[in-house]
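Trainee: My structure is stored as coords-v9.pdb, with PDB, C-alpha atoms, pLDDT in the B column.
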```
ATOM      1  CA  MET A   1     -34.254  59.971 -40.698  1.00 51.00           C
ATOM      2  CA  ASP A   2     -31.503  61.855 -42.511  1.00 62.00           C
ATOM      3  CA  LYS A   3     -30.426  63.384 -39.205  1.00 73.00           C
ATOM      4  CA  ILE A   4     -30.191  60.087 -37.321  1.00 78.00           C
ATOM      5  CA  SER A   5     -26.951  58.165 -37.444  1.00 82.00           C
ATOM      6  CA  PHE A   6     -26.612  54.408 -37.380  1.00 88.00           C
ATOM      7  CA  ALA A   7     -24.888  54.744 -33.997  1.00 88.00           C
ATOM      8  CA  GLU A   8     -27.905  56.607 -32.597  1.00 85.00           C
ATOM      9  CA  ILE A   9     -30.259  53.930 -33.882  1.00 86.00           C
ATOM     10  CA  MET A  10     -28.118  51.231 -32.272  1.00 91.00           C
ATOM     11  CA  LYS A  11     -27.988  53.209 -29.034  1.00 89.00           C
ATOM     12  CA  PHE A  12     -31.794  53.404 -29.016  1.00 89.00           C
ATOM     13  CA  ARG A  13     -32.089  49.676 -29.670  1.00 92.00           C
ATOM     14  CA  ASN A  14     -29.582  48.869 -26.928  1.00 93.00           C
ATOM     15  CA  GLU A  15     -31.212  51.172 -24.398  1.00 91.00           C
ATOM     16  CA  THR A  16     -34.691  49.781 -25.095  1.00 92.00           C
ATOM     17  CA  GLN A  17     -33.764  46.111 -25.438  1.00 95.00           C
ATOM     18  CA  GLU A  18     -34.826  45.180 -21.906  1.00 94.00           C
ATOM     19  CA  LEU A  19     -38.123  47.080 -22.194  1.00 91.00           C
ATOM     20  CA  ARG A  20     -38.981  45.432 -25.502  1.00 92.00           C
ATOM     21  CA  HIS A  21     -37.966  41.977 -24.285  1.00 94.00           C
ATOM     22  CA  LYS A  22     -40.083  42.229 -21.125  1.00 91.00           C
ATOM     23  CA  PHE A  23     -43.116  43.269 -23.149  1.00 90.00           C
ATOM     24  CA  ILE A  24     -42.710  40.312 -25.528  1.00 93.00           C
ATOM     25  CA  VAL A  25     -42.407  37.918 -22.563  1.00 93.00           C
ATOM     26  CA  ASP A  26     -45.587  39.405 -21.069  1.00 88.00           C
ATOM     27  CA  ILE A  27     -47.435  38.921 -24.354  1.00 90.00           C
ATOM     28  CA  ASP A  28     -46.179  35.344 -24.600  1.00 92.00           C
ATOM     29  CA  ASP A  29     -47.423  34.619 -21.066  1.00 88.00           C
ATOM     30  CA  ALA A  30     -50.793  36.152 -21.922  1.00 86.00           C
ATOM     31  CA  LEU A  31     -51.129  34.072 -25.065  1.00 87.00           C
ATOM     32  CA  ARG A  32     -50.499  30.916 -23.057  1.00 87.00           C
ATOM     33  CA  VAL A  33     -53.547  31.692 -20.906  1.00 83.00           C
ATOM     34  CA  ILE A  34     -55.658  32.676 -23.893  1.00 83.00           C
ATOM     35  CA  ASP A  35     -54.650  29.464 -25.699  1.00 85.00           C
ATOM     36  CA  SER A  36     -55.656  27.351 -22.699  1.00 85.00           C
ATOM     37  CA  ASP A  37     -58.972  25.504 -22.446  1.00 87.00           C
ATOM     38  CA  PRO A  38     -61.813  28.046 -22.616  1.00 86.00           C
ATOM     39  CA  GLU A  39     -64.030  25.607 -20.709  1.00 89.00           C
ATOM     40  CA  THR A  40     -62.018  25.962 -17.494  1.00 86.00           C
ATOM     41  CA  ALA A  41     -63.451  27.905 -14.597  1.00 88.00           C
ATOM     42  CA  GLY A  42     -62.324  31.506 -14.601  1.00 87.00           C
ATOM     43  CA  TYR A  43     -61.121  31.504 -18.221  1.00 89.00           C
ATOM     44  CA  ASP A  44     -63.217  34.523 -19.244  1.00 90.00           C
ATOM     45  CA  LYS A  45     -62.134  36.477 -16.187  1.00 91.00           C
ATOM     46  CA  GLU A  46     -58.459  35.639 -16.816  1.00 89.00           C
ATOM     47  CA  VAL A  47     -58.694  36.768 -20.438  1.00 90.00           C
ATOM     48  CA  ILE A  48     -60.292  40.083 -19.449  1.00 92.00           C
ATOM     49  CA  GLU A  49     -57.621  40.658 -16.785  1.00 92.00           C
ATOM     50  CA  ILE A  50     -54.850  39.844 -19.257  1.00 90.00           C
ATOM     51  CA  ILE A  51     -56.221  42.231 -21.866  1.00 90.00           C
ATOM     52  CA  GLN A  52     -56.471  45.020 -19.283  1.00 94.00           C
ATOM     53  CA  LYS A  53     -52.926  44.321 -18.058  1.00 90.00           C
ATOM     54  CA  LEU A  54     -51.554  44.321 -21.604  1.00 90.00           C
ATOM     55  CA  GLU A  55     -53.268  47.628 -22.356  1.00 94.00           C
ATOM     56  CA  THR A  56     -51.689  49.167 -19.255  1.00 94.00           C
ATOM     57  CA  ASP A  57     -48.300  47.609 -20.012  1.00 91.00           C
ATOM     58  CA  PHE A  58     -48.428  48.782 -23.618  1.00 91.00           C
ATOM     59  CA  LYS A  59     -49.128  52.377 -22.581  1.00 95.00           C
ATOM     60  CA  LYS A  60     -46.219  52.248 -20.122  1.00 93.00           C
ATOM     61  CA  LEU A  61     -43.913  50.742 -22.753  1.00 92.00           C
ATOM     62  CA  GLU A  62     -44.962  53.396 -25.241  1.00 94.00           C
ATOM     63  CA  ASN A  63     -44.134  56.149 -22.731  1.00 94.00           C
ATOM     64  CA  ASP A  64     -40.821  54.539 -21.752  1.00 92.00           C
ATOM     65  CA  LEU A  65     -39.774  54.141 -25.393  1.00 90.00           C
ATOM     66  CA  SER A  66     -40.779  57.725 -26.088  1.00 91.00           C
ATOM     67  CA  ASP A  67     -38.610  58.945 -23.207  1.00 90.00           C
ATOM     68  CA  VAL A  68     -35.585  57.023 -24.488  1.00 88.00           C
ATOM     69  CA  ARG A  69     -36.257  58.121 -28.071  1.00 87.00           C
ATOM     70  CA  SER A  70     -36.376  61.769 -27.004  1.00 86.00           C
ATOM     71  CA  LYS A  71     -33.019  61.459 -25.264  1.00 83.00           C
ATOM     72  CA  VAL A  72     -31.233  59.405 -27.909  1.00 81.00           C
ATOM     73  CA  PHE A  73     -32.583  61.282 -30.907  1.00 79.00           C
ATOM     74  CA  ALA A  74     -32.424  64.749 -29.339  1.00 77.00           C
ATOM     75  CA  VAL A  75     -30.900  66.096 -32.568  1.00 63.00           C
ATOM     76  CA  ILE A  76     -34.283  65.701 -34.245  1.00 64.00           C
ATOM     77  CA  TYR A  77     -35.843  67.800 -31.538  1.00 61.00           C
ATOM     78  CA  LYS A  78     -33.599  70.764 -32.373  1.00 60.00           C
ATOM     79  CA  GLY A  79     -30.789  69.546 -30.174  1.00 53.00           C
ATOM     80  CA  SER A  80     -32.743  69.654 -26.940  1.00 48.00           C
ATOM     81  CA  TYR A  81     -34.208  66.949 -24.782  1.00 46.00           C
ATOM     82  CA  VAL A  82     -37.974  66.757 -25.033  1.00 44.00           C
TER      83      VAL A  82
END
```
Take the structure from the file and write it as structure tokens.
Mentor:
Amino acid sequence: MDKISFAEIMKFRNETQELRHKFIVDIDDALRVIDSDPETAGYDKEVIEIIQKLETDFKKLENDLSDVRSKVFAVIYKGSYV
């Protein structure tokens, strides 16, 4: 962290804001379904589908954040883009 400036941290946060926001909205939507009445038809199927979607979305978010991190914090990676 000694090599990362405040400006670089802010750049990372700004460049990933939309990605992070979308993921939080997706989680919020999923929780609404999970918090619904478990006695309704299709509840179990919906929960399984949501969990699978969130797993996929999380992996994509993780990769997207990693890509941005590599570009913004290139100085950590010996000055080259990873």
Trainee: Just to confirm, what's the straight-line distance from atom CA of Gly42 of chain A to atom CA of Ala30 of chain A in Å (one decimal)?
Mentor: 14.4 Å
Trainee: Please work out which residues fall within 12 Å of (-28.8, 55.2, -28.9), coordinates as given in the file, with only C-alpha atoms counting, and return them as a PyMOL selection string.
Mentor: chain A and resi 4-17+65+67-75
Trainee: Quick one: distance from atom CA of Lys45 of chain A to atom CA of Asn63 of chain A in Å, one decimal?
Mentor: 27.5 Å
Trainee: Using all atoms listed in the file, can you tell me which of A:Leu61, A:Ile48, A:Ala41, A:Leu54 comes closest to Ile27 of chain A?
Mentor: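 Selected residue with least distance to Ile27 of chain A: A:Leu54.
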Trainee: Quick one: residues within 12 Å of Lys60 of chain A, all atoms listed in the file counted, chain neighbours fewer than 4 positions away excluded, as JSON, numbers by chain?
Mentor: {"A": [19, 20, 22, 23, 53, 54, 55, 56, 64, 65, 66, 67]}
Trainee: Quick check, in Å to one decimal: how far apart do atom CA of Leu31 of chain A and atom CA of Glu46 of chain A lie?
Mentor: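 These atoms are spaced 11.1 Å apart.
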Trainee: Segment 16-30 of chain A, all listed atoms, 3 Å padding on each side: what axis-aligned box centre and edge lengths in Å to one decimal come out, as lines of an AutoDock Vina configuration file?
Mentor:
```
center_x = -42.3
center_y = 42.2
center_z = -23.3
size_x = 23.0
size_y = 21.2
size_z = 10.5
```
Trainee: Let me make sure I understand: among A:Lys3, A:Asp57, A:Asp44, A:Pro38, which one has the smallest atom-to-atom distance to Asp26 of chain A if we use only C-alpha atoms?
Mentor: A:Asp57
Trainee: Only C-alpha atoms needed: put segment 15-82 of chain A from the block into a file as a compact mmCIF listing (two decimals), in the first residue's frame.
Mentor:
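The resulting file, result26.txt, is reproduced below:
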```txt
# COMPACT_ATOMS: atom_id res chain seq x y z
CA GLU A 15 -13.80 3.35 -12.27
CA THR A 16 -15.47 0.49 -10.38
CA GLN A 17 -18.42 2.42 -8.95
CA GLU A 18 -20.89 1.23 -11.59
CA LEU A 19 -19.75 -2.40 -11.30
CA ARG A 20 -20.06 -2.37 -7.51
CA HIS A 21 -23.43 -0.60 -7.59
CA LYS A 22 -24.91 -3.07 -10.09
CA PHE A 23 -23.79 -6.01 -7.97
CA ILE A 24 -25.38 -4.53 -4.83
CA VAL A 25 -28.65 -3.94 -6.73
CA ASP A 26 -28.58 -7.56 -7.93
CA ILE A 27 -28.06 -8.80 -4.37
CA ASP A 28 -30.90 -6.60 -3.13
CA ASP A 29 -33.22 -8.01 -5.80
CA ALA A 30 -32.20 -11.54 -4.85
CA LEU A 31 -32.85 -10.92 -1.18
CA ARG A 32 -36.35 -9.70 -1.99
CA VAL A 33 -37.15 -13.07 -3.56
CA ILE A 34 -35.50 -15.00 -0.75
CA ASP A 35 -37.43 -12.94 1.83
CA SER A 36 -40.73 -13.69 0.09
CA ASP A 37 -43.15 -16.38 1.24
CA PRO A 38 -41.40 -19.76 1.10
CA GLU A 39 -44.80 -21.44 0.73
CA THR A 40 -45.37 -20.01 -2.75
CA ALA A 41 -45.09 -22.25 -5.77
CA GLY A 42 -41.65 -22.16 -7.31
CA TYR A 43 -39.95 -20.58 -4.28
CA ASP A 44 -37.27 -23.28 -3.99
CA LYS A 45 -36.54 -23.14 -7.70
CA GLU A 46 -36.28 -19.33 -7.63
CA VAL A 47 -33.86 -19.43 -4.70
CA ILE A 48 -31.63 -21.98 -6.45
CA GLU A 49 -31.65 -19.91 -9.65
CA ILE A 50 -30.81 -16.74 -7.72
CA ILE A 51 -27.91 -18.39 -5.91
CA GLN A 52 -26.51 -19.70 -9.21
CA LYS A 53 -26.91 -16.27 -10.84
CA LEU A 54 -25.20 -14.54 -7.92
CA GLU A 55 -22.29 -16.98 -8.06
CA THR A 56 -21.85 -16.27 -11.77
CA ASP A 57 -22.24 -12.52 -11.25
CA PHE A 58 -19.77 -12.53 -8.38
CA LYS A 59 -17.12 -14.30 -10.46
CA LYS A 60 -17.63 -11.79 -13.28
CA LEU A 61 -17.44 -8.86 -10.85
CA GLU A 62 -14.29 -10.28 -9.32
CA ASN A 63 -12.68 -10.55 -12.77
CA ASP A 64 -13.83 -7.06 -13.80
CA LEU A 65 -12.50 -5.52 -10.58
CA SER A 66 -9.23 -7.37 -11.02
CA ASP A 67 -8.86 -5.98 -14.55
CA VAL A 68 -9.44 -2.41 -13.35
CA ARG A 69 -7.15 -2.92 -10.35
CA SER A 70 -4.35 -4.16 -12.61
CA LYS A 71 -4.65 -1.08 -14.81
CA VAL A 72 -5.05 1.50 -12.05
CA PHE A 73 -2.44 0.06 -9.72
CA ALA A 74 0.05 -0.92 -12.42
CA VAL A 75 2.87 0.55 -10.31
CA ILE A 76 2.50 -2.37 -7.91
CA TYR A 77 2.96 -4.75 -10.79
CA LYS A 78 6.40 -3.32 -11.59
CA GLY A 79 5.00 -0.57 -13.75
CA SER A 80 3.39 -2.85 -16.30
CA TYR A 81 -0.19 -3.77 -16.96
CA VAL A 82 -1.03 -7.29 -15.85
```
